[in-house]
Every structure is written in structure tokens, then in C-alpha cells.
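One structure is given here, and the rest of the page talks about it.
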Amino acid sequence: MSARRIVVTSGKGGVGKTTTTANLGAALALRGRRVVLVDTDIGLRNLDLVMGVEKRIVFDLVEVVEGRCQLRQALIRDKRFESLKILAAAQTRDKTAVSEEQMDKLMGELAKSSDYVIIDCPAGIEHGFRNAVAGAREAIVVTTPEVSAIRDADRVVGKLRERELPLQLIVNRVRPEMVKTGEMMSVEDVAEILGAEVLGVIPDDEGVIDTTNRGEPLVLDETQKLAAIYLRIARRLEGEELPLTDLESPSFFSKLFTMWKAG
């Protein structure tokens, strides 16, 4: 079975796209899958910080494409996971340093020795977006339930459909109490507006900031309720028929922790 090449994208920045990429990849690695996380945000990379490997970067994606190093030299093996590697974006180059054809070829090379190639895409729909999408065969669109984020996500969904890429949604930073009072759109509303299937629902949680600052994926900390949620999203991505997270049920998280510990 060939590797799944998935681009994680969003219409605007700051909606949790890179955090989602990192934790979904880590959750899949915990399930024994061979995963490569690729940061394609040339000039504005962040995935290395979220994963805590910024001090280990020697070569980057652009240097691989330009033939200045071997692909294996640029891949950083995450010491916390047996089967997770990271390919960093160049920090001091322009987004036009790589073409769509080069990106597609590189992702194809990574797919030969992986189960999942997960591509962290720059926000928006410009050159960086087109490059990232060129290397993918399916997409996950991350949005928050806010009008501006959904409007921008709708533009991304349109571009993905033009390319006939299958796509799913992750709705991030949901606050059930605000949904109840009508101050925030419901997940159902978001799905209807964007016309797409929801892969996962993630509540607003301050724990994300702490773990991100430490370069520690949430899924490694079982005291974080989001750890179980990301693992559940990974299982849904792999085809398990699990219901979406019920953010209003107090007992739901204790059940998730039990399932998480049981693997």
C-alpha cells in the first residue's frame, strides 16, 4: 500500500494548523506508522519549534531540492518516536525557491519509505500553498468556528476542489459554552458552510500554548485531554468508525483516557 500524502492547510494563519500537523503525525507514529512531517512554509518555518527539534536542523527542504545534500541528511529523526521524521523548511530563502514539480517529486520520494507524508502548508492560497498542495493527494483543512477563518477556509476548499483533492475538516478551538449562547458557530454550521466532512473537533485549551513552547507534542502528555482527542482523530483518519468528540460530556474525556492508555 502506498503512503498517504496529506496536506494540512488553512485559509488564515493562527488557527492551529502546525499544532495539528505535529500532533496528528505524533499520534500516527504512536500507532506504529512510519510518518514524515514536512514543513513547506519557506521563510517562516515553525514546525521544528513545535516539535522541539530546531537545534538539530543541519539541512533543509530547499537544499535537498537543489541537490546540495542527500534527502536522508535533511531528515531529522524524532528521538521520542521510533517512526517519526521531520523535514524542515528553509528559513532564509524565498517561497519561489521550489517549484510545484520539484515539490511533487520530493513528496513522492518520501512516500517510498513512509506510511504517511504530512505536509504543513503555509496559510493562504499563494505560491507556498500551490507548492504544498502539489505534493499531496488528499487534504485536511483546519479552521476555527469564526466568520473570518471560515470565509478564508472556504477559499482554500474551493482551490482544493479545483485540483480534485479529497478533503476533510478539523474544527479547532471550539468553546461549547459559546456555541450554546450563539456567540460561536457550531461544528455542524461550519461543516454545512464549507460542505465538507468533519474529521475531528478540538476544544479550546490553554495547554496547547505550554506544550508548544516546550516543543513537546500534546500526545506525549496523558494529563492533557487533547492527547486522547488527537489520537482519536488519527484513528478516524485511518478509517475507524468512531463518533466525533462530544465536548459537552464530562465523562467523555475519562473514557478517552482509558482508550488512549489501552492503545
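Chain identifiers are assigned as A, B, and so on, following the order in which chains appear in the C-alpha cells; residues are numbered from 1 within each chain, and ligands are numbered from 1 in order of appearance.
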
**OP:** Write down as a ChimeraX atom specification the residues of stretch 37-256 of chain A whose backbone DSSP state falls under alpha helix (DSSP H).
**Re:** /A:47-51,61-65,71-74,100-111,127-134,147-162,176-180,187-194,207-214,225-237,250-256

May I have the residues from that selection written out with C-alpha atoms, as a PDB file, in the first residue's frame?
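selection_5.pdb, written as the output of this step:
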ATOM      1  CA  LEU A  47       7.099  23.004  12.727  1.00  0.00           C
ATOM      2  CA  ASP A  48      10.641  22.485  14.055  1.00  0.00           C
ATOM      3  CA  LEU A  49       9.818  24.659  17.091  1.00  0.00           C
ATOM      4  CA  VAL A  50       6.533  22.892  17.808  1.00  0.00           C
ATOM      5  CA  MET A  51       8.332  19.541  17.624  1.00  0.00           C
ATOM      6  CA  LEU A  61      13.965  21.132   2.078  1.00  0.00           C
ATOM      7  CA  VAL A  62      15.380  23.665  -0.383  1.00  0.00           C
ATOM      8  CA  GLU A  63      18.888  22.238  -0.054  1.00  0.00           C
ATOM      9  CA  VAL A  64      17.508  18.784  -0.855  1.00  0.00           C
ATOM     10  CA  VAL A  65      15.711  20.087  -3.954  1.00  0.00           C
ATOM     11  CA  LEU A  71      17.388  13.573   1.437  1.00  0.00           C
ATOM     12  CA  ARG A  72      18.442  11.279   4.292  1.00  0.00           C
ATOM     13  CA  GLN A  73      20.799  14.004   5.568  1.00  0.00           C
ATOM     14  CA  ALA A  74      17.969  16.525   5.872  1.00  0.00           C
ATOM     15  CA  GLU A 100       5.354  22.586  -7.836  1.00  0.00           C
ATOM     16  CA  GLU A 101       7.047  19.862  -9.897  1.00  0.00           C
ATOM     17  CA  GLN A 102      10.014  19.711  -7.528  1.00  0.00           C
ATOM     18  CA  MET A 103       7.720  19.510  -4.505  1.00  0.00           C
ATOM     19  CA  ASP A 104       5.658  16.713  -6.024  1.00  0.00           C
ATOM     20  CA  LYS A 105       8.799  14.748  -6.852  1.00  0.00           C
ATOM     21  CA  LEU A 106      10.214  15.210  -3.347  1.00  0.00           C
ATOM     22  CA  MET A 107       6.992  14.102  -1.650  1.00  0.00           C
ATOM     23  CA  GLY A 108       6.956  11.071  -3.926  1.00  0.00           C
ATOM     24  CA  GLU A 109      10.470  10.164  -2.761  1.00  0.00           C
ATOM     25  CA  LEU A 110       9.432  10.483   0.883  1.00  0.00           C
ATOM     26  CA  ALA A 111       6.365   8.338   0.241  1.00  0.00           C
ATOM     27  CA  HIS A 127       2.761  30.271  -4.177  1.00  0.00           C
ATOM     28  CA  GLY A 128       3.546  28.384  -0.953  1.00  0.00           C
ATOM     29  CA  PHE A 129       0.047  26.901  -0.888  1.00  0.00           C
ATOM     30  CA  ARG A 130       0.265  25.760  -4.503  1.00  0.00           C
ATOM     31  CA  ASN A 131       3.634  24.103  -3.829  1.00  0.00           C
ATOM     32  CA  ALA A 132       2.417  22.250  -0.747  1.00  0.00           C
ATOM     33  CA  VAL A 133      -0.769  21.073  -2.432  1.00  0.00           C
ATOM     34  CA  ALA A 134       1.174  19.862  -5.492  1.00  0.00           C
ATOM     35  CA  VAL A 147     -16.516  34.042  10.462  1.00  0.00           C
ATOM     36  CA  SER A 148     -13.164  35.320   9.179  1.00  0.00           C
ATOM     37  CA  ALA A 149     -11.470  31.917   9.486  1.00  0.00           C
ATOM     38  CA  ILE A 150     -14.364  30.123   7.787  1.00  0.00           C
ATOM     39  CA  ARG A 151     -14.506  32.649   4.966  1.00  0.00           C
ATOM     40  CA  ASP A 152     -10.795  32.126   4.284  1.00  0.00           C
ATOM     41  CA  ALA A 153     -11.148  28.358   4.661  1.00  0.00           C
ATOM     42  CA  ASP A 154     -13.891  28.426   2.036  1.00  0.00           C
ATOM     43  CA  ARG A 155     -11.433  29.885  -0.492  1.00  0.00           C
ATOM     44  CA  VAL A 156      -8.966  27.098   0.307  1.00  0.00           C
ATOM     45  CA  VAL A 157     -11.673  24.447  -0.032  1.00  0.00           C
ATOM     46  CA  GLY A 158     -12.523  25.877  -3.448  1.00  0.00           C
ATOM     47  CA  LYS A 159      -8.889  25.666  -4.589  1.00  0.00           C
ATOM     48  CA  LEU A 160      -8.580  22.089  -3.317  1.00  0.00           C
ATOM     49  CA  ARG A 161     -11.738  21.068  -5.168  1.00  0.00           C
ATOM     50  CA  GLU A 162     -10.376  22.621  -8.359  1.00  0.00           C
ATOM     51  CA  PRO A 176     -19.213  24.643  23.750  1.00  0.00           C
ATOM     52  CA  GLU A 177     -20.481  27.315  26.136  1.00  0.00           C
ATOM     53  CA  MET A 178     -20.162  29.968  23.420  1.00  0.00           C
ATOM     54  CA  VAL A 179     -21.855  27.715  20.871  1.00  0.00           C
ATOM     55  CA  LYS A 180     -24.790  27.326  23.286  1.00  0.00           C
ATOM     56  CA  VAL A 187     -19.375  22.389  14.224  1.00  0.00           C
ATOM     57  CA  GLU A 188     -22.454  21.452  12.202  1.00  0.00           C
ATOM     58  CA  ASP A 189     -22.738  25.020  10.920  1.00  0.00           C
ATOM     59  CA  VAL A 190     -19.066  25.049   9.879  1.00  0.00           C
ATOM     60  CA  ALA A 191     -19.407  21.722   8.071  1.00  0.00           C
ATOM     61  CA  GLU A 192     -22.523  22.896   6.247  1.00  0.00           C
ATOM     62  CA  ILE A 193     -20.986  26.206   5.147  1.00  0.00           C
ATOM     63  CA  LEU A 194     -17.823  24.532   3.851  1.00  0.00           C
ATOM     64  CA  GLY A 207      -2.445  23.508  27.432  1.00  0.00           C
ATOM     65  CA  VAL A 208      -1.570  23.877  23.749  1.00  0.00           C
ATOM     66  CA  ILE A 209       0.458  27.018  24.410  1.00  0.00           C
ATOM     67  CA  ASP A 210       2.514  25.379  27.147  1.00  0.00           C
ATOM     68  CA  THR A 211       3.357  22.240  25.187  1.00  0.00           C
ATOM     69  CA  THR A 212       4.101  24.241  22.039  1.00  0.00           C
ATOM     70  CA  ASN A 213       6.526  26.458  23.949  1.00  0.00           C
ATOM     71  CA  ARG A 214       8.272  23.352  25.255  1.00  0.00           C
ATOM     72  CA  LYS A 225      -7.195  15.949  27.474  1.00  0.00           C
ATOM     73  CA  LEU A 226      -6.234  16.898  23.936  1.00  0.00           C
ATOM     74  CA  ALA A 227      -3.827  13.938  23.797  1.00  0.00           C
ATOM     75  CA  ALA A 228      -6.701  11.499  23.597  1.00  0.00           C
ATOM     76  CA  ILE A 229      -8.555  13.696  21.109  1.00  0.00           C
ATOM     77  CA  TYR A 230      -5.655  13.763  18.641  1.00  0.00           C
ATOM     78  CA  LEU A 231      -5.241  10.016  18.947  1.00  0.00           C
ATOM     79  CA  ARG A 232      -8.937   9.630  18.192  1.00  0.00           C
ATOM     80  CA  ILE A 233      -8.577  11.844  15.105  1.00  0.00           C
ATOM     81  CA  ALA A 234      -5.683   9.637  13.942  1.00  0.00           C
ATOM     82  CA  ARG A 235      -7.879   6.566  14.296  1.00  0.00           C
ATOM     83  CA  ARG A 236     -10.686   8.221  12.327  1.00  0.00           C
ATOM     84  CA  LEU A 237      -8.152   9.188   9.642  1.00  0.00           C
ATOM     85  CA  PRO A 250     -17.691  15.328  31.252  1.00  0.00           C
ATOM     86  CA  SER A 251     -17.352  11.537  31.174  1.00  0.00           C
ATOM     87  CA  PHE A 252     -16.236  11.537  27.555  1.00  0.00           C
ATOM     88  CA  PHE A 253     -12.658  12.524  28.368  1.00  0.00           C
ATOM     89  CA  SER A 254     -12.232   9.886  31.074  1.00  0.00           C
ATOM     90  CA  LYS A 255     -13.338   7.256  28.560  1.00  0.00           C
ATOM     91  CA  LEU A 256     -10.899   8.665  26.020  1.00  0.00           C
TER      92      LEU A 256
END

Original post:
If you measure from atom CA of A:Glu164 to atom CA of A:Ser186, what distance in Å do you get, rounded to one decimal?
Top reply: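 It comes out at 26.9 Å.
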
**OP:** Could you please write out, as a PyMOL selection string, every residue of stretch 36-199 of chain A that DSSP assigns to strand (DSSP E or B)?
**Re:** chain A and resi 36-39+75-77+84-87+116-120+138-143+167-174+197-199

For the residues in that selection, give me N, CA and C atoms as a short mmCIF file (atom, residue, chain, number, x, y, z; two decimals), in the first residue's frame.
data_model
loop_
_atom_site.label_atom_id
_atom_site.label_comp_id
_atom_site.auth_asym_id
_atom_site.auth_seq_id
_atom_site.Cartn_x
_atom_site.Cartn_y
_atom_site.Cartn_z
N VAL A 36 6.45 11.01 8.05
CA VAL A 36 7.35 12.13 7.79
C VAL A 36 6.52 13.41 7.83
N LEU A 37 6.92 14.35 8.68
CA LEU A 37 6.29 15.66 8.73
C LEU A 37 7.15 16.63 7.92
N VAL A 38 6.52 17.34 7.00
CA VAL A 38 7.26 18.24 6.11
C VAL A 38 6.76 19.67 6.28
N ASP A 39 7.66 20.56 6.65
CA ASP A 39 7.33 21.98 6.75
C ASP A 39 7.62 22.63 5.39
N LEU A 75 16.61 14.74 6.80
CA LEU A 75 15.53 14.21 7.65
C LEU A 75 16.00 14.10 9.09
N ILE A 76 15.24 14.69 10.00
CA ILE A 76 15.55 14.62 11.42
C ILE A 76 14.69 13.53 12.06
N ARG A 77 15.33 12.56 12.67
CA ARG A 77 14.58 11.51 13.36
C ARG A 77 14.21 12.00 14.75
N LEU A 84 9.07 8.44 13.43
CA LEU A 84 8.70 9.80 13.02
C LEU A 84 9.93 10.60 12.60
N LYS A 85 9.85 11.20 11.40
CA LYS A 85 10.94 12.05 10.91
C LYS A 85 10.37 13.40 10.50
N ILE A 86 11.24 14.41 10.48
CA ILE A 86 10.83 15.77 10.16
C ILE A 86 11.76 16.35 9.11
N LEU A 87 11.16 17.00 8.10
CA LEU A 87 11.93 17.72 7.09
C LEU A 87 11.59 19.20 7.24
N TYR A 116 2.84 7.64 5.99
CA TYR A 116 2.20 8.95 5.89
C TYR A 116 3.24 10.03 5.64
N VAL A 117 2.99 10.89 4.65
CA VAL A 117 3.74 12.12 4.48
C VAL A 117 2.75 13.24 4.77
N ILE A 118 2.97 13.97 5.87
CA ILE A 118 2.04 15.01 6.28
C ILE A 118 2.71 16.36 6.06
N ILE A 119 2.09 17.17 5.21
CA ILE A 119 2.69 18.41 4.72
C ILE A 119 2.06 19.61 5.42
N ASP A 120 2.88 20.33 6.17
CA ASP A 120 2.42 21.54 6.84
C ASP A 120 2.49 22.70 5.85
N GLU A 138 -4.33 14.21 -0.80
CA GLU A 138 -5.55 14.49 -0.04
C GLU A 138 -5.25 15.65 0.91
N ALA A 139 -6.30 16.22 1.53
CA ALA A 139 -6.10 17.42 2.34
C ALA A 139 -6.93 17.39 3.61
N ILE A 140 -6.38 18.04 4.63
CA ILE A 140 -7.12 18.34 5.86
C ILE A 140 -7.12 19.86 6.00
N VAL A 141 -8.31 20.43 6.09
CA VAL A 141 -8.44 21.88 6.26
C VAL A 141 -8.74 22.17 7.73
N VAL A 142 -7.89 22.99 8.35
CA VAL A 142 -8.08 23.36 9.76
C VAL A 142 -8.69 24.75 9.81
N THR A 143 -9.75 24.88 10.60
CA THR A 143 -10.38 26.19 10.78
C THR A 143 -10.88 26.31 12.21
N LEU A 167 -10.93 15.99 0.67
CA LEU A 167 -10.60 16.79 1.83
C LEU A 167 -11.54 16.53 3.00
N GLN A 168 -11.01 16.77 4.20
CA GLN A 168 -11.78 16.68 5.43
C GLN A 168 -11.46 17.90 6.29
N LEU A 169 -12.32 18.17 7.28
CA LEU A 169 -12.15 19.34 8.14
C LEU A 169 -11.75 18.94 9.56
N ILE A 170 -10.92 19.78 10.17
CA ILE A 170 -10.73 19.75 11.61
C ILE A 170 -11.14 21.11 12.13
N VAL A 171 -12.11 21.12 13.02
CA VAL A 171 -12.60 22.37 13.61
C VAL A 171 -11.91 22.54 14.96
N ASN A 172 -11.12 23.58 15.07
CA ASN A 172 -10.26 23.79 16.23
C ASN A 172 -10.78 24.91 17.13
N ARG A 173 -10.38 24.84 18.39
CA ARG A 173 -10.69 25.88 19.40
C ARG A 173 -12.18 26.11 19.57
N VAL A 174 -12.91 25.03 19.65
CA VAL A 174 -14.36 25.11 19.87
C VAL A 174 -14.65 25.34 21.35
N GLU A 197 -16.80 17.00 5.07
CA GLU A 197 -16.90 16.07 6.19
C GLU A 197 -15.94 16.49 7.30
N VAL A 198 -16.39 16.38 8.55
CA VAL A 198 -15.56 16.73 9.70
C VAL A 198 -14.78 15.50 10.17
N LEU A 199 -13.46 15.63 10.18
CA LEU A 199 -12.59 14.56 10.67
C LEU A 199 -12.43 14.62 12.18
#

**OP:** Just give me the gap between atom CA of A:Thr40 and atom CA of A:Ala89 in Å, one decimal is fine.
**Re:**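 For atom CA of A:Thr40 relative to atom CA of A:Ala89, the distance reads 5.4 Å.
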
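Taking atom CA of A:Asn23 and atom CA of A:Glu126 as the two end points, the separation is 25.3 Å.
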
Original post:
From the list A:Gly195, A:Gly32, A:Gly13, A:Gly43, which residue is nearest A:Arg93 when using only C-alpha atoms?
Top reply: A:Gly43
